[in-house]
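Beneath this line is the structure, given in structure tokens, with notes to follow.
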Amino acid sequence: MAILMLDLAKYDSLGAALRDALARWPAEVCLIEADRDKERSRLAYRQFGEAAETVAAALEDSGFAVGERAAIIMTNQPKWLISAYAVFFAGGVLVPLDYKLSAAEHLQLLAHSKAQILFVEYPLWRAITLAPEFSQHKLRKVLVSEAPPNADLAGGLRWEEFRGACSPEFRPRTRKDTACIVYSSGTGGHPRGCVLTHDNYLEQCAAVTPVFPFWPGAHYLSIIPTNHAIDFMGGFLMPFTGGGTVVHLRTLRPEFIREAFTKYKITYMAVVPLILKNLQRGLREKFAALPPGKRKMLDALIGVNRALTRGKPRPGLSRMLLKEIHKAFGGGLQALLVGGAFTEPATIEFFHDIGIPIYNGYGCTEACTAITLNDLRPFRPDTVGKPVRGMEIRIAQPDADGIGEVAVRSKTVMSEYLDDPEMTAETIVNGWLMTGDLGRVDTTGHLQLFGRKKNMIVTAEGKNIYPEDVENNFEGIAVKEFCVFAENYIWPQHTMTGEKLVLVLHPEPGQSVNGALIQELSRRNSQLLNYKRVSGYIVWDQDFTRNAAMKIRRVILAGQIGKQLDRSAMVSL
Amino acid sequence: MKTIMKTIEQTTDEVLNLAAAHFKVPRAELQPGDDFYKKLGIDSLQALELLTRLENHFGVELPDYEVQGVSDFHTLATRIQTRL
């Protein structure tokens, strides 16, 4: 198949590349919006361009300046991408925010990013307007989508009515200009706003699309939130550069995800490990329900497929051997891309055995998405693959086993953390991005990961949680002092799954930790979103080591606790 | 036809019955104030699966965002109750 993807080397900005994509495939289907089992809309590339340009015109009419910041808080849907392209068209900087954050967190990140414009869905906007911090927002214009007819928009305008009078002017940007500010995590006083340039994105997209090419008719199922680097790349930039179709599913209900595979003949889907495990569970239940004879036959066919696909995926053969399973995945699936968090090799192996190619990889927002990718040639589920094109990897200060901190140098590395030179200097050292993850490169060039050097956890949903961000929620509890650590930061171990947070309590002299205090800890903990909760607490009877500015010296404190207590000291909350 | 409105207690009770049946745990172990993630040992996608079961049972439709941040049975029942 001749694939005529855009040659991204020719472009200086995302806006310019996307504009050419719209012109190249005017009649191809660009976006499909599905909600549960219903299809809401279909847009061709030409229609997408027309819709976005009217928004860009309205932005320009409203005095939107080149380099001005516009945030988006929306679930996965066409208006997300239309708004984003309008911002790029008008020369702006996009601030994609996670719609799953709380209203207070949204307001905090809007303030931190200094966004002047906000594109937001009505239910999310309604929650934001009810937050106590709402009165302090500095937004100049808020465009609210899908608001009911008589809704109070609290100063916002309807997205659907935000239309410019004239044709907008395309405002060129250079590769060095900022394209997006993406928060890799971190609310609670320490936001990590990754400043990513047009160059970062164009280089990353050019490196990854040869592995996952798009063409008119190729369908990407978008379910990872689009603010996430993976979906922004896989569910926006990559399909657009090849004339592909993005299917937005406005629910994460597993049954509708499964249905979408067959309904839309999905070619690619990016998932986080949590979704992959859910798919695996569903398949296992189906296998278990088969009559013994059929089950035996299935196991035999899986064995044959496993043996024949060890060296490389053979989708045609797998589809023939395991027809029924592949039919359930739509029959046209080229790859499931799994990222956002570490995936257990056994899960990857399960899918590989039934001939569903799972491409796992390793990346981070700071490097604009993917750093390594497993090309399945041969299948190596024990690794996260080899560096993608243009990525240089170095293992800093390796120990006797060759394990050290993974450092990355490439054109995709962010320029800085927004307004945080100190954290930037700690993270980008002599041009190398210090990832805080521990790894080893084997003799075949595959990267293997062995836990973290930094004090943070990543959940199976792909959420990065920094303990400092959770601490705010326990402020004022009746102890002398407290802090939160990643359990593996205190007691290092070579794993990246099942990570937990632990609360360290230092009581007042003579104070015992019981009754009312534990109740209060549980209450505070339950106020946090479920994936941010601490798993338990430990009692520590010594003063926390602090620096001259009275900040906790976490490395030293974790070392002290790790030496004197073991994991069994943790009491569940 | 006269429709008899369920009380929140009845709705909560039915939510607990369905959760117990769906995740195969003894009904007596579940209380309205329980954190269902913790008590049932489930993840957010399994919680959405439960939600679909509840929607079918009560004949209501709840968008995913309505249950974002909800983690106890009683609050879940309250969200359903407002749509009955």
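Just remember, in the structure tokens the first chain shown is A, the second B, etc., residues are 1-based per chain, and ligands are 1-based in the order shown.
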
Determine, counting only C-alpha atoms, which protein, DNA and RNA residues have an atom within 12 Å of an atom of B:Leu16; residues of the same chain fewer than 6 positions away are not included. Present the result as a JSON list (two decimals) with N, CA and C atoms, in the first residue's frame.
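Done, and the output landed in around35.json:
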```json
[["chain", "number", "residue", "atom", "x", "y", "z"],
["B", 9, "GLU", "N", -33.09, 4.95, 50.97],
["B", 9, "GLU", "CA", -32.67, 3.72, 51.67],
["B", 9, "GLU", "C", -32.91, 2.50, 50.77],
["B", 10, "GLN", "N", -34.06, 2.51, 50.10],
["B", 10, "GLN", "CA", -34.36, 1.37, 49.20],
["B", 10, "GLN", "C", -33.36, 1.34, 48.04],
["B", 22, "HIS", "N", -22.90, -8.89, 41.64],
["B", 22, "HIS", "CA", -22.00, -8.72, 40.50],
["B", 22, "HIS", "C", -20.56, -9.13, 40.83],
["B", 23, "PHE", "N", -20.11, -8.76, 42.02],
["B", 23, "PHE", "CA", -18.72, -9.07, 42.37],
["B", 23, "PHE", "C", -18.59, -10.28, 43.29],
["B", 24, "LYS", "N", -19.70, -10.98, 43.45],
["B", 24, "LYS", "CA", -19.72, -12.24, 44.20],
["B", 24, "LYS", "C", -19.12, -12.10, 45.60],
["B", 25, "VAL", "N", -19.68, -11.15, 46.36],
["B", 25, "VAL", "CA", -19.27, -11.01, 47.77],
["B", 25, "VAL", "C", -20.55, -11.14, 48.62],
["B", 26, "PRO", "N", -20.42, -11.62, 49.86],
["B", 26, "PRO", "CA", -21.62, -11.74, 50.69],
["B", 26, "PRO", "C", -22.25, -10.36, 50.92],
["B", 27, "ARG", "N", -23.56, -10.28, 50.72],
["B", 27, "ARG", "CA", -24.27, -9.00, 50.87],
["B", 27, "ARG", "C", -24.06, -8.41, 52.27],
["B", 28, "ALA", "N", -24.01, -9.27, 53.28],
["B", 28, "ALA", "CA", -23.90, -8.80, 54.66],
["B", 28, "ALA", "C", -22.60, -8.03, 54.91],
["B", 29, "GLU", "N", -21.63, -8.22, 54.05],
["B", 29, "GLU", "CA", -20.34, -7.54, 54.27],
["B", 29, "GLU", "C", -20.33, -6.10, 53.76],
["B", 30, "LEU", "N", -21.38, -5.71, 53.04],
["B", 30, "LEU", "CA", -21.38, -4.37, 52.43],
["B", 30, "LEU", "C", -22.27, -3.40, 53.20],
["B", 31, "GLN", "N", -21.71, -2.23, 53.48],
["B", 31, "GLN", "CA", -22.45, -1.18, 54.17],
["B", 31, "GLN", "C", -22.54, 0.06, 53.27],
["B", 32, "PRO", "N", -23.59, 0.88, 53.44],
["B", 32, "PRO", "CA", -23.75, 2.06, 52.56],
["B", 32, "PRO", "C", -22.53, 2.98, 52.53],
["B", 33, "GLY", "N", -21.87, 3.15, 53.66],
["B", 33, "GLY", "CA", -20.75, 4.10, 53.70],
["B", 33, "GLY", "C", -19.43, 3.53, 53.20],
["B", 34, "ASP", "N", -19.42, 2.25, 52.83],
["B", 34, "ASP", "CA", -18.16, 1.61, 52.41],
["B", 34, "ASP", "C", -17.60, 2.22, 51.13],
["B", 35, "ASP", "N", -16.29, 2.27, 51.09],
["B", 35, "ASP", "CA", -15.58, 2.66, 49.87],
["B", 35, "ASP", "C", -15.59, 1.42, 48.96],
["B", 36, "PHE", "N", -16.30, 1.51, 47.84],
["B", 36, "PHE", "CA", -16.45, 0.27, 47.04],
["B", 36, "PHE", "C", -15.16, -0.16, 46.35],
["B", 39, "LYS", "N", -13.48, -1.98, 49.36],
["B", 39, "LYS", "CA", -14.23, -3.12, 49.87],
["B", 39, "LYS", "C", -14.33, -4.25, 48.82],
["B", 40, "LEU", "N", -14.53, -3.87, 47.57],
["B", 40, "LEU", "CA", -14.69, -4.90, 46.53],
["B", 40, "LEU", "C", -13.37, -5.21, 45.84],
["B", 50, "LEU", "N", -20.04, -1.92, 36.95],
["B", 50, "LEU", "CA", -21.11, -1.97, 37.96],
["B", 50, "LEU", "C", -22.15, -0.90, 37.64],
["B", 51, "LEU", "N", -21.69, 0.25, 37.24],
["B", 51, "LEU", "CA", -22.59, 1.36, 36.93],
["B", 51, "LEU", "C", -23.57, 0.96, 35.81],
["B", 53, "ARG", "N", -24.58, -2.02, 35.13],
["B", 53, "ARG", "CA", -25.56, -2.95, 35.74],
["B", 53, "ARG", "C", -26.64, -2.17, 36.48],
["B", 54, "LEU", "N", -26.19, -1.14, 37.21],
["B", 54, "LEU", "CA", -27.14, -0.34, 38.00],
["B", 54, "LEU", "C", -28.08, 0.44, 37.08],
["B", 72, "ASP", "N", -18.19, 5.83, 47.42],
["B", 72, "ASP", "CA", -18.95, 5.05, 48.40],
["B", 72, "ASP", "C", -20.35, 4.76, 47.86],
["B", 73, "PHE", "N", -20.92, 3.66, 48.34],
["B", 73, "PHE", "CA", -22.22, 3.19, 47.83],
["B", 73, "PHE", "C", -23.32, 4.23, 48.04],
["B", 74, "HIS", "N", -23.30, 4.89, 49.19],
["B", 74, "HIS", "CA", -24.40, 5.81, 49.49],
["B", 74, "HIS", "C", -24.43, 6.97, 48.49],
["B", 75, "THR", "N", -23.26, 7.56, 48.21],
["B", 75, "THR", "CA", -23.22, 8.68, 47.25],
["B", 75, "THR", "C", -23.63, 8.19, 45.87],
["B", 76, "LEU", "N", -23.21, 6.99, 45.53],
["B", 76, "LEU", "CA", -23.58, 6.42, 44.23],
["B", 76, "LEU", "C", -25.10, 6.28, 44.15],
["B", 77, "ALA", "N", -25.70, 5.79, 45.24],
["B", 77, "ALA", "CA", -27.16, 5.63, 45.28],
["B", 77, "ALA", "C", -27.85, 6.99, 45.16]]
```

Any idea which chain B residues end up within 12 Å of chain A if we count only C-alpha atoms, as a PyMOL selection string please? chain B and resi 33-38+41-53+61-72

Taking 5 positions as the minimum chain separation for residues in the same chain, which residues sit within 8 Å of A:Ser41 when counting only C-alpha atoms? Answer as a VMD selection string. chain A and resid 31 to 34

For the residues selected in the previous step, produce a file with C-alpha atoms as a compact mmCIF listing (two decimals), in the first residue's frame.
```
# COMPACT_ATOMS: atom_id res chain seq x y z
CA LEU A 31 -13.55 12.30 13.17
CA ILE A 32 -16.34 10.03 14.35
CA GLU A 33 -18.06 10.79 17.61
CA ALA A 34 -19.72 7.84 19.30
```

Within 12 Å of A:Ala51, counting only C-alpha atoms, which residues show up once you throw out same-chain ones fewer than 2 positions away? Write them as a PyMOL selection string, please. chain A and resi 22+43-49+53-58+78-86+159-164+167-168

Helix (DSSP H, G or I) call set, DSSP backbone run, stretch 12-79 of chain B, as a count of residues only: 45

Skip A:Ser185 itself and residues of its chain fewer than 4 positions away, then list as a PyMOL selection string all residues within 7 Å of it, counting only C-alpha atoms. chain A and resi 191-192+464-465

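Atom CA of A:Ile356 is found 10.1 Å from atom CA of A:Leu322.
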
Atom CA of A:Arg171 to atom CA of A:Asp20 measures 14.1 Å

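We find atom CA of A:Ala115 and atom CA of A:Leu139 to be spaced 6.7 Å apart.
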
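For A:Gln542, the residues within 10 Å (counting only C-alpha atoms, excluding itself and residues fewer than 4 positions away along the chain) are Glu481, Leu505, His506, Pro507, Glu508, Pro509, Leu557, Gln560 and Ile561 of chain A.
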
Take the residues just selected and output them with C-alpha atoms as a PDB file, in the first residue's frame.
```pdb
ATOM      1  CA  GLU A 481       4.859  16.497  61.688  1.00  0.00           C
ATOM      2  CA  LEU A 505       3.498  10.236  61.078  1.00  0.00           C
ATOM      3  CA  HIS A 506       5.715  11.721  63.747  1.00  0.00           C
ATOM      4  CA  PRO A 507       3.505  12.073  66.842  1.00  0.00           C
ATOM      5  CA  GLU A 508       4.045  14.542  69.687  1.00  0.00           C
ATOM      6  CA  PRO A 509       6.051  13.076  72.597  1.00  0.00           C
ATOM      7  CA  LEU A 557      14.614  10.844  55.843  1.00  0.00           C
ATOM      8  CA  GLN A 560      16.741   6.663  57.801  1.00  0.00           C
ATOM      9  CA  ILE A 561      13.263   5.122  57.808  1.00  0.00           C
TER      10      ILE A 561
END
```
